[in-house]
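To keep things clear, I will list the structure first and then write my remarks on it.
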Amino acid sequence: MFVRYATMEDVDAFVRVVAVVADEAVWIATEPPVDVDAFSARVRTMLADGEALFVLDIAGRIVGTLGLHATHAAGVVSLGMSILEDYRGRGGGRALLIAAIEHARGVGHHKIELEVWPGNERAIGLYDAFGFEVEGVRRDHYRRRDGTLRSSRIMALLL
Ligand SMILES: CC(C)(COP(=O)(O)OP(=O)(O)OC[C@H]1O[C@@H](n2cnc3c(N)ncnc32)[C@H](O)[C@@H]1OP(=O)(O)O)[C@@H](O)C(=O)NCCC(=O)NCCS
């Protein structure tokens, strides 16, 4: 298992992982079905803009992704991550997060923020383990395609 920076050659695999995890309709904010062409174009733009994207490779297959995205606050990046179901719980999330934190520190960012569904115990456990702290709750913030409203927890790590 190893983590490396994503390149333009990884865009299809990167998008596939996020689309499959979105299809579960449980864990991430991205709602299915993912518009693969539009999302691929966004990922290419992220790479062209110098955003740090990482892929998790297990046995030659890309099974996980992590992105650090620019925010309106200089030095603060927003984190999103996804691992295919069969490859969770094997330390891949930890490996992706180590790479992301090392990168963020290396380029001089001062903070990584993220949003997580309050019931996502595994993700929250991972972020807790790395020292991310709760900064607040966005109550009934996100209107889902089925019309319901969802709250998210804001967590962040000061670097
Ligand atoms: C969340 C996710 C990235 C974590 O990655 P993972 O590979 O499953 O997690 P790891 O095996 O690396 O576990 C790392 C740490 O997370 C925590 N953790 C893992 N499973 C946990 C669980 N069921 N409950 C609480 N904490 C848990 C532990 O601290 C663990 O460290 P340890 O194994 O040394 O105890 C992954 O499960 C995933 O992609 N889930 C679906 C998508 C998602 O939720 N993305 C995040 C949206 S905010």
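FYI, nothing fancy with the structure tokens labels: chains A, B, ... in order, residues from 1 per chain, ligands from 1 as they appear.
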
When the cut-off is 6 Å and you count only C-alpha atoms and all ligand atoms, which residues lie near ligand 1, shown as a ChimeraX atom specification? /A:27-28,81-83,88-94,115-116,121-123,125-126,129

Would you export the selected residues with N, CA, C and O atoms as an mmCIF file, in the first residue's frame, please?
data_model
loop_
_atom_site.group_PDB
_atom_site.id
_atom_site.type_symbol
_atom_site.label_atom_id
_atom_site.label_comp_id
_atom_site.auth_asym_id
_atom_site.auth_seq_id
_atom_site.Cartn_x
_atom_site.Cartn_y
_atom_site.Cartn_z
ATOM 1 N N TRP A 27 -21.767 8.407 2.914
ATOM 2 C CA TRP A 27 -20.610 8.975 3.603
ATOM 3 C C TRP A 27 -20.211 10.380 3.158
ATOM 4 O O TRP A 27 -19.762 11.176 3.986
ATOM 5 N N ILE A 28 -20.261 10.648 1.875
ATOM 6 C CA ILE A 28 -19.692 11.923 1.396
ATOM 7 C C ILE A 28 -20.795 12.848 0.885
ATOM 8 O O ILE A 28 -21.908 12.415 0.582
ATOM 9 N N MET A 81 -11.949 13.128 1.382
ATOM 10 C CA MET A 81 -11.297 11.845 1.117
ATOM 11 C C MET A 81 -12.319 10.723 0.963
ATOM 12 O O MET A 81 -13.392 10.763 1.537
ATOM 13 N N SER A 82 -11.929 9.733 0.159
ATOM 14 C CA SER A 82 -12.809 8.594 -0.138
ATOM 15 C C SER A 82 -11.969 7.360 -0.391
ATOM 16 O O SER A 82 -10.988 7.404 -1.133
ATOM 17 N N ILE A 83 -12.397 6.250 0.216
ATOM 18 C CA ILE A 83 -11.748 4.959 -0.040
ATOM 19 C C ILE A 83 -12.845 3.963 -0.410
ATOM 20 O O ILE A 83 -13.923 3.956 0.209
ATOM 21 N N ARG A 88 -11.423 -0.299 3.080
ATOM 22 C CA ARG A 88 -11.450 0.509 4.308
ATOM 23 C C ARG A 88 -10.968 -0.308 5.503
ATOM 24 O O ARG A 88 -11.016 -1.542 5.473
ATOM 25 N N GLY A 89 -10.540 0.418 6.534
ATOM 26 C CA GLY A 89 -10.149 -0.250 7.769
ATOM 27 C C GLY A 89 -8.819 -0.976 7.694
ATOM 28 O O GLY A 89 -8.526 -1.824 8.514
ATOM 29 N N ARG A 90 -7.996 -0.630 6.697
ATOM 30 C CA ARG A 90 -6.680 -1.282 6.553
ATOM 31 C C ARG A 90 -5.542 -0.290 6.696
ATOM 32 O O ARG A 90 -4.406 -0.577 6.293
ATOM 33 N N GLY A 91 -5.843 0.888 7.195
ATOM 34 C CA GLY A 91 -4.793 1.882 7.368
ATOM 35 C C GLY A 91 -4.617 2.831 6.185
ATOM 36 O O GLY A 91 -3.749 3.705 6.212
ATOM 37 N N GLY A 92 -5.442 2.679 5.176
ATOM 38 C CA GLY A 92 -5.319 3.550 3.993
ATOM 39 C C GLY A 92 -5.684 4.993 4.293
ATOM 40 O O GLY A 92 -5.038 5.924 3.793
ATOM 41 N N GLY A 93 -6.716 5.167 5.118
ATOM 42 C CA GLY A 93 -7.120 6.527 5.478
ATOM 43 C C GLY A 93 -6.010 7.219 6.244
ATOM 44 O O GLY A 93 -5.675 8.381 5.997
ATOM 45 N N ARG A 94 -5.435 6.473 7.176
ATOM 46 C CA ARG A 94 -4.299 7.002 7.944
ATOM 47 C C ARG A 94 -3.150 7.395 7.006
ATOM 48 O O ARG A 94 -2.570 8.477 7.135
ATOM 49 N N GLU A 115 -15.475 19.037 6.491
ATOM 50 C CA GLU A 115 -16.825 18.836 7.015
ATOM 51 C C GLU A 115 -17.149 17.363 6.934
ATOM 52 O O GLU A 115 -16.763 16.686 5.975
ATOM 53 N N VAL A 116 -17.831 16.869 7.955
ATOM 54 C CA VAL A 116 -18.144 15.442 8.027
ATOM 55 C C VAL A 116 -19.581 15.304 8.535
ATOM 56 O O VAL A 116 -20.039 16.106 9.355
ATOM 57 N N GLU A 121 -18.831 7.811 12.101
ATOM 58 C CA GLU A 121 -17.943 7.532 13.237
ATOM 59 C C GLU A 121 -16.511 7.187 12.816
ATOM 60 O O GLU A 121 -15.550 7.568 13.472
ATOM 61 N N ARG A 122 -16.393 6.424 11.744
ATOM 62 C CA ARG A 122 -15.046 5.999 11.338
ATOM 63 C C ARG A 122 -14.218 7.202 10.890
ATOM 64 O O ARG A 122 -13.055 7.354 11.279
ATOM 65 N N ALA A 123 -14.816 8.064 10.069
ATOM 66 C CA ALA A 123 -14.082 9.249 9.618
ATOM 67 C C ALA A 123 -13.757 10.153 10.809
ATOM 68 O O ALA A 123 -12.620 10.631 10.950
ATOM 69 N N GLY A 125 -13.411 9.283 13.890
ATOM 70 C CA GLY A 125 -12.366 8.615 14.670
ATOM 71 C C GLY A 125 -10.990 8.851 14.076
ATOM 72 O O GLY A 125 -10.006 9.084 14.796
ATOM 73 N N LEU A 126 -10.917 8.804 12.746
ATOM 74 C CA LEU A 126 -9.641 9.052 12.062
ATOM 75 C C LEU A 126 -9.183 10.498 12.297
ATOM 76 O O LEU A 126 -8.031 10.742 12.671
ATOM 77 N N ALA A 129 -8.026 11.100 15.779
ATOM 78 C CA ALA A 129 -6.726 10.470 16.044
ATOM 79 C C ALA A 129 -5.571 11.356 15.577
ATOM 80 O O ALA A 129 -4.460 11.261 16.089
#

What's the 7 Å shell around Val134 in chain A, counting only C-alpha atoms, without same-chain residues fewer than 5 positions away, as a ChimeraX atom specification? /A:154-156

Shell of 10 Å around Phe130 in chain A, only C-alpha atoms, local chain residues under 5 positions omitted, as a list in words: Arg94, Leu97, Ile98, Ile101, Ile124, Gly125 and Leu157 of chain A

Name all residues at most 10 Å from Ala13 in chain A (count only C-alpha atoms; drop same-chain ones fewer than 3 positions away) and give them as a list in words. Ala6, Glu9, Asp10, Arg16, Val17, Val18, Ala19, Ser40, Val55, Arg61, Ile62, Val63, Gly64 and Thr65 of chain A

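Closest to Asp57 in chain A among A:Val26, A:Ala38, A:Val20, A:Leu84 is A:Leu84, based on only C-alpha atoms.
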
Pick from A:Ala29, A:Gly50, A:Thr45, A:Tyr5: nearest to Ser152 in chain A, with only C-alpha atoms counted?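 Among the listed residues, the smallest separation from Ser152 in chain A belongs to A:Ala29.
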
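Of the residues under consideration (A:Ala59, A:Leu79, A:Ala95, A:Leu68), A:Leu68 shows the shortest atom-to-atom contact distance to Met46 in chain A when counting only C-alpha atoms.
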
Could you go through chain A and tell me which residues DSSP, when run on the backbone, assigns to alpha helix (DSSP H), listing them as number ranges by chain? A: 11-24, 36-48, 92-106, 121-129

Just want the 10 Å neighbourhood of Tyr142 in chain A, counted on only C-alpha atoms, with same-chain residues fewer than 4 positions away dropped. Output as a list of chain:residue names.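 Here the answer would be A:Ala29, A:Arg138, A:Gly147, A:Thr148, A:Leu149, A:Arg150, A:Ser151, A:Ser152.
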
Which residue out of A:Glu85, A:Ala22, A:Arg4, A:Gly119 has the minimum interatomic distance to Leu53 in chain A when only C-alpha atoms are used? A:Arg4

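Using only C-alpha atoms for every distance, the candidate list A:Tyr87, A:Gly80, A:Thr71, A:Trp117 yields A:Tyr87 as the residue closest to Met1 in chain A.
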
When DSSP works through the backbone of this structure, what residues of range 16-159 of chain A end up as strand (DSSP E), shown as a ChimeraX atom specification? /A:52-58,61-70,76-83,111-116,133-143,149-158

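Using only C-alpha atoms for every distance, the candidate list A:Phe54, A:Ser78, A:Leu47, A:Asp86 yields A:Asp86 as the residue closest to Val21 in chain A.
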
Residues within 10 Å of Lys111 in chain A, please, as a PDB file with N, CA, C and O atoms, in the first residue's frame. Count only C-alpha atoms; anything in the same chain fewer than 6 positions from it doesn't count.
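result26.pdb, written as the output of this step:
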ATOM      1  N   ALA A  73      -9.792  31.511   2.584  1.00  0.00           N
ATOM      2  CA  ALA A  73      -8.801  31.974   3.559  1.00  0.00           C
ATOM      3  C   ALA A  73      -7.413  31.494   3.132  1.00  0.00           C
ATOM      4  O   ALA A  73      -7.195  30.282   2.987  1.00  0.00           O
ATOM      5  N   ALA A  74      -6.493  32.418   2.948  1.00  0.00           N
ATOM      6  CA  ALA A  74      -5.134  32.047   2.537  1.00  0.00           C
ATOM      7  C   ALA A  74      -4.512  31.152   3.597  1.00  0.00           C
ATOM      8  O   ALA A  74      -4.628  31.418   4.808  1.00  0.00           O
ATOM      9  N   GLY A  75      -3.873  30.057   3.149  1.00  0.00           N
ATOM     10  CA  GLY A  75      -3.207  29.160   4.087  1.00  0.00           C
ATOM     11  C   GLY A  75      -4.113  28.105   4.705  1.00  0.00           C
ATOM     12  O   GLY A  75      -3.660  27.282   5.496  1.00  0.00           O
ATOM     13  N   VAL A  76      -5.393  28.148   4.345  1.00  0.00           N
ATOM     14  CA  VAL A  76      -6.344  27.150   4.850  1.00  0.00           C
ATOM     15  C   VAL A  76      -6.831  26.315   3.672  1.00  0.00           C
ATOM     16  O   VAL A  76      -7.282  26.858   2.662  1.00  0.00           O
ATOM     17  N   VAL A  77      -6.697  25.000   3.803  1.00  0.00           N
ATOM     18  CA  VAL A  77      -7.174  24.110   2.735  1.00  0.00           C
ATOM     19  C   VAL A  77      -8.280  23.211   3.285  1.00  0.00           C
ATOM     20  O   VAL A  77      -8.306  22.885   4.475  1.00  0.00           O
ATOM     21  N   SER A  78      -9.147  22.822   2.383  1.00  0.00           N
ATOM     22  CA  SER A  78     -10.298  21.998   2.742  1.00  0.00           C
ATOM     23  C   SER A  78     -10.066  20.578   2.250  1.00  0.00           C
ATOM     24  O   SER A  78      -9.696  20.368   1.088  1.00  0.00           O
ATOM     25  N   ILE A 101      -1.106  15.863   5.497  1.00  0.00           N
ATOM     26  CA  ILE A 101      -0.635  16.771   6.552  1.00  0.00           C
ATOM     27  C   ILE A 101       0.823  17.156   6.290  1.00  0.00           C
ATOM     28  O   ILE A 101       1.209  18.327   6.426  1.00  0.00           O
ATOM     29  N   ALA A 104       0.790  19.688   3.524  1.00  0.00           N
ATOM     30  CA  ALA A 104       0.265  20.997   3.952  1.00  0.00           C
ATOM     31  C   ALA A 104       1.293  21.744   4.798  1.00  0.00           C
ATOM     32  O   ALA A 104       1.493  22.950   4.624  1.00  0.00           O
ATOM     33  N   ARG A 105       1.946  21.012   5.715  1.00  0.00           N
ATOM     34  CA  ARG A 105       2.992  21.645   6.531  1.00  0.00           C
ATOM     35  C   ARG A 105       4.137  22.121   5.642  1.00  0.00           C
ATOM     36  O   ARG A 105       4.646  23.225   5.790  1.00  0.00           O
ATOM     37  N   PHE A 132      -7.553  16.587  14.839  1.00  0.00           N
ATOM     38  CA  PHE A 132      -8.562  17.537  14.336  1.00  0.00           C
ATOM     39  C   PHE A 132      -9.544  17.818  15.465  1.00  0.00           C
ATOM     40  O   PHE A 132      -9.920  16.928  16.220  1.00  0.00           O
ATOM     41  N   ALA A 156     -11.208  20.816  12.197  1.00  0.00           N
ATOM     42  CA  ALA A 156     -10.007  21.423  11.624  1.00  0.00           C
ATOM     43  C   ALA A 156      -8.772  21.071  12.439  1.00  0.00           C
ATOM     44  O   ALA A 156      -8.858  20.783  13.632  1.00  0.00           O
ATOM     45  N   LEU A 157      -7.655  21.088  11.746  1.00  0.00           N
ATOM     46  CA  LEU A 157      -6.348  20.837  12.375  1.00  0.00           C
ATOM     47  C   LEU A 157      -5.470  22.059  12.147  1.00  0.00           C
ATOM     48  O   LEU A 157      -5.226  22.455  10.996  1.00  0.00           O
ATOM     49  N   LEU A 158      -4.996  22.651  13.243  1.00  0.00           N
ATOM     50  CA  LEU A 158      -4.020  23.737  13.120  1.00  0.00           C
ATOM     51  C   LEU A 158      -2.648  23.101  12.967  1.00  0.00           C
ATOM     52  O   LEU A 158      -2.276  22.222  13.751  1.00  0.00           O
ATOM     53  N   LEU A 159      -1.890  23.548  11.984  1.00  0.00           N
ATOM     54  CA  LEU A 159      -0.635  22.866  11.659  1.00  0.00           C
ATOM     55  C   LEU A 159       0.553  23.517  12.386  1.00  0.00           C
ATOM     56  O   LEU A 159       0.547  24.686  12.666  1.00  0.00           O
TER      57      LEU A 159
END

One decimal, in Å: what's the spacing between CA of Asp12 in chain A and CA of Val107 in chain A?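 Computed distance, CA of Asp12 in chain A to CA of Val107 in chain A, equals 26.6 Å.
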
Between CA of Val15 in chain A and CA of Leu56 in chain A, what is the distance in Å, rounded to a tenth? 13.1 Å
